[in-house]
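Worksheet: the structure to be examined is printed underneath.
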2 protein chains.
Amino acid sequence: MAKVTRRERERQQHRREVLAAAQELFSRKGFDRTSMAEIAERAEFAVGTLYKFFKDKKTLYRALILDTVQEFAQVLTTALKTRGTEVERLERYIETKADLFVRHIPTARLYFAQTAGAKYVPTAGLDRDARAVCKGVLDALEAVFRAGIRKGLFLKTDPRMLVLGLEGVGNAFLDELIERPDDFSAETMAGMTKTIFFERIRLKAR
Amino acid sequence: MAKVTRRERERQQHRREVLAAAQELFSRKGFDRTSMAEIAERAEFAVGTLYKFFKDKKTLYRALILDTVQEFAQVLTTALKTRGTEVERLERYIETKADLFVRHIPTARLYFAQTAGAKYVPTAGLDRDARAVCKGVLDALEAVFRAGIRKGLFLKTDPRMLVLGLEGVGNAFLDELIERPDDFSAETMAGMTKTIFFERIRLKAR
DNA sequence: ACAAACCGTGAACCATAGTTCATAAGATAC
DNA sequence: GTATCTTATGAACTATGGTTCACGGTTTGT
């Protein structure tokens with residue numbers, strides 16, 4: 001008998017189905033406005049079944065967030081570690097992020113909920129280790145800026161400020177992209193981010 | 001008998017006290033996680049009393065948001081309408097906003113909840129006219145960019161993009177400022193916003 | 001001084017939604 | 001084929017929190 005039996009495989013499959021349903025609902029309506037009954041209905045299970053997979057609602061949410069965040073963080077840090085100058089690496093980060101977000105909008109919303117919007121989301125405080133993963137990405141970003149500053153590529157400032165700034169512009173555009181996906185392309189958004197952050201917006205000197 | 005009797009004055013005072021309590025709680029914990037009982041306790045009234053002032057919880061929240069948002073919008077649009085080049089006006093906007101936000105942190109959180117974080121806040125949809133007020137500020141901002149572009153001060157792009165970008169950077173810094181007010185001053189934050197947005201971050205050409 | 005109007009009270013009411021559990025259905029093992 | 005173990009079910013239970021309302025105290029007007 002194989003270690004991974006059909007039973008176990010199906011169980012895991014069902015678990016994933018629950019997570020998928022939860023992802024759709026949580027990302028659209030947030031933690032408090034999504035009920036276990038809704039998740040159950042969407043996943044085509046009874047409420048009680050959800051509790052076979054997850055101890056309670058918070059645990060389900062946490063599991064979902066952690067999955068989501070880890071997956072994204074993985075891709076983003078990889079993008080940051082590619083070869084090239086610091087500017088090129090940051091540009092790759094921006095493009096990758098834009099691409100990733102348009103392709104996985106519900107996931108992106110949840111990722112946002114943990115990063116940008118975390119303070120206004122009632123679930124802040126449920127996360128802990130998801131937060132640590134997000135911080136990992138920001139730290140990697142900071143390291144790139146730090147290196148760039150050392151090499152004289154960037155203005156000599158607190159790299160944390162640059163991280164904040166880049167994430168600020170980038171997320172603002174991505175948010176727009178997610179909300180109105182038909183108005184602009186991922187490329188436009190990534191391009192604008194790069195322009196604002198690395199080129200001059202203002203044309204004339206004062 | 002004066003039109004405004006003592007009774008009416010005190011009633012209005014009590015109403016304001018309720019709003020103040022609600023502001024503190026809503027801004028810290030959000031709509032869903034704040035109970036009427038808590039608001040009542042903090043305002044030193046009985047639950048029933050809250051319903052003498054506001055039809056229900058949503059109405060109370062809406063009233064609060066509208067007050068908050070109008071007050072802020074007023075100050076911000078004024079800042080945008082001062083004399084000077086477009087760049088100067090935007091700079092004044094940035095400084096004013098930073099100053100306003102540090103001085104009124106709970107209010108600022110609520111303002112954010114309506115603008116930046118609105119999508120991840122379960123109360124999205126309660127607002128309507130508050131949203132219109134916020135949009136007014138963004139439109140004024142867009143007009144300034146549009147004028148700047150026409151005069152050749154800024155890159156010839158969609159002014160909406162520039163609005164998004166400026167708000168993105170600015171809010172990212174302000175958020176940091178609100179969360180960790182001791183780490184940085186309002187001036188530093190405003191300065192960084194201006195640097196990123198109007199000057200060059202990158203020093204060398206490619 | 002009396003009545004009417006007003007304000008504040010908080011226990012009780014009710015709706016919603018998270019959680020449990022006895023039971024049924026199905027799979028696995030022998 | 002039967003026994004056993006696993007999984008799924010959803011009605012019932014419970015907790016939480018928004019809302020109501022009958023009441024007591026106080027101010028206002030006559």
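Residues are referred to by chain and number: the chain letter is A, B, ... according to the order shown in the structure tokens, the number counts from 1 in that chain, and ligands are numbered separately from 1 in the order shown.
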
task: Excluding Glu71 in chain A and any residue of its chain fewer than 6 positions from it, enumerate the residues within 10 Å of it, using only C-alpha atoms (C1' of nucleotides), and give them as number ranges by chain.
output: A: 65, 107, 111, 133

Save the residues we just selected, C-alpha atoms, as a short mmCIF file (atom, residue, chain, number, x, y, z; two decimals), in the first residue's frame?
```
data_model
loop_
_atom_site.label_atom_id
_atom_site.label_comp_id
_atom_site.auth_asym_id
_atom_site.auth_seq_id
_atom_site.Cartn_x
_atom_site.Cartn_y
_atom_site.Cartn_z
CA ILE A 65 -2.95 33.78 3.72
CA THR A 107 -4.47 36.12 -4.72
CA TYR A 111 -1.51 39.70 -0.64
CA VAL A 133 7.32 36.32 4.93
#
```

Chain C contacts to chain B at 10 Å (only C-alpha atoms (C1' of nucleotides)) as a list in words: DC6, DC7, DG8, DT9 and DG10 of chain C

For N, CA, C and O atoms (P, O5', C5', C4', C3', O3' and C1' of nucleotides), I'd like the residues from the last selection saved as a compact mmCIF listing (two decimals), in the first residue's frame.
```txt
# COMPACT_ATOMS: atom_id res chain seq x y z
P DC C 6 -40.27 67.34 22.36
O5' DC C 6 -39.00 67.03 23.27
C5' DC C 6 -38.50 68.02 24.17
C4' DC C 6 -37.40 67.40 25.00
C3' DC C 6 -36.54 66.39 24.24
O3' DC C 6 -35.19 66.79 24.35
C1' DC C 6 -37.24 65.52 26.34
P DC C 7 -34.07 66.14 23.48
O5' DC C 7 -33.26 65.34 24.58
C5' DC C 7 -32.89 65.98 25.81
C4' DC C 7 -32.43 64.94 26.79
C3' DC C 7 -31.52 63.87 26.17
O3' DC C 7 -30.27 63.93 26.82
C1' DC C 7 -33.25 62.88 27.49
P DG C 8 -29.09 62.97 26.35
O5' DG C 8 -29.30 61.77 27.37
C5' DG C 8 -29.18 62.04 28.76
C4' DG C 8 -29.42 60.77 29.53
C3' DG C 8 -28.55 59.59 29.08
O3' DG C 8 -27.97 59.00 30.23
C1' DG C 8 -30.83 58.97 29.07
P DT C 9 -27.08 57.69 30.10
O5' DT C 9 -28.11 56.55 30.48
C5' DT C 9 -28.82 56.67 31.72
C4' DT C 9 -29.62 55.41 31.95
C3' DT C 9 -28.88 54.13 31.60
O3' DT C 9 -28.76 53.33 32.76
C1' DT C 9 -31.07 54.13 30.67
P DG C 10 -27.46 52.43 32.94
O5' DG C 10 -28.03 50.99 32.63
C5' DG C 10 -29.17 50.53 33.32
C4' DG C 10 -29.81 49.40 32.54
C3' DG C 10 -28.80 48.37 31.99
O3' DG C 10 -29.39 47.09 32.05
C1' DG C 10 -30.06 49.19 30.24
```

task: Rounded to one decimal place, report the CA of Ala79 in chain A-CA of Gly168 in chain A distance in Å.
output: 18.7 Å

Counting only C-alpha atoms, the residue of B:Glu95, B:Glu24, B:Glu167, B:Glu187 that sits nearest chain A: B:Glu167

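The residue that comes closest to chain A, out of B:Arg109, B:Arg131, B:His14, B:Arg92 and on the basis of only C-alpha atoms, is B:Arg109.
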
- request: Please identify which residues in range 1-151 of chain B DSSP calls helix (DSSP H, G or I) from the backbone, and express them as a ChimeraX atom specification.
  value: /B:6-29,36-43,47-53,57-80,86-103,105-114,116-120,129-150

Tell me, counting only C-alpha atoms (C1' of nucleotides), for each residue of range 36-105 of chain B within 10 Å of range 10-22 of chain D, which pair of atoms is nearest and how far apart they are in Å to one decimal, in rows ordered by chain and increasing number, as a Markdown table.
```
| residue | atom | partner | partner_atom | distance |
| --- | --- | --- | --- | --- |
| B:Met36 | CA | D:DG18 | C1' | 7.5 |
| B:Ala37 | CA | D:DG17 | C1' | 8.2 |
| B:Val47 | CA | D:DT19 | C1' | 9.5 |
| B:Gly48 | CA | D:DT20 | C1' | 8.3 |
| B:Tyr51 | CA | D:DT19 | C1' | 8.5 |
| B:Lys55 | CA | D:DT19 | C1' | 9.7 |
| B:Asp56 | CA | D:DT19 | C1' | 8.0 |
| B:Lys57 | CA | D:DG18 | C1' | 7.8 |
```

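Taking only C-alpha atoms (C1' of nucleotides) into account, chain D lies nearest to B:Asp32 out of the set B:Glu41, B:Asp158, B:Asp67, B:Asp32.
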
Contact residues (chain D, partner chain A, 9 Å, only C-alpha atoms (C1' of nucleotides)) as a list in words: DT6, DT7, DA8, DT9 and DG10 of chain D

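Using only C-alpha atoms (C1' of nucleotides), the protein and nucleic acid residues lying no more than 6 Å from range 194-204 of chain B, apart from those fewer than 5 places from it along its own chain, are Leu153, Phe154, Leu155, Phe198, Arg200, Ile201 and Arg202 of chain A.
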
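For the residues A:Gly136, A:Pro106, A:Gly152, A:Pro159, ranking by smallest atom-to-atom distance to chain B using only C-alpha atoms places A:Gly152 first.
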
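Among the candidate residues B:Asp99, B:Glu44, B:Glu142, B:Glu88, the one lying nearest to chain A is B:Glu88, with distances computed using only C-alpha atoms.
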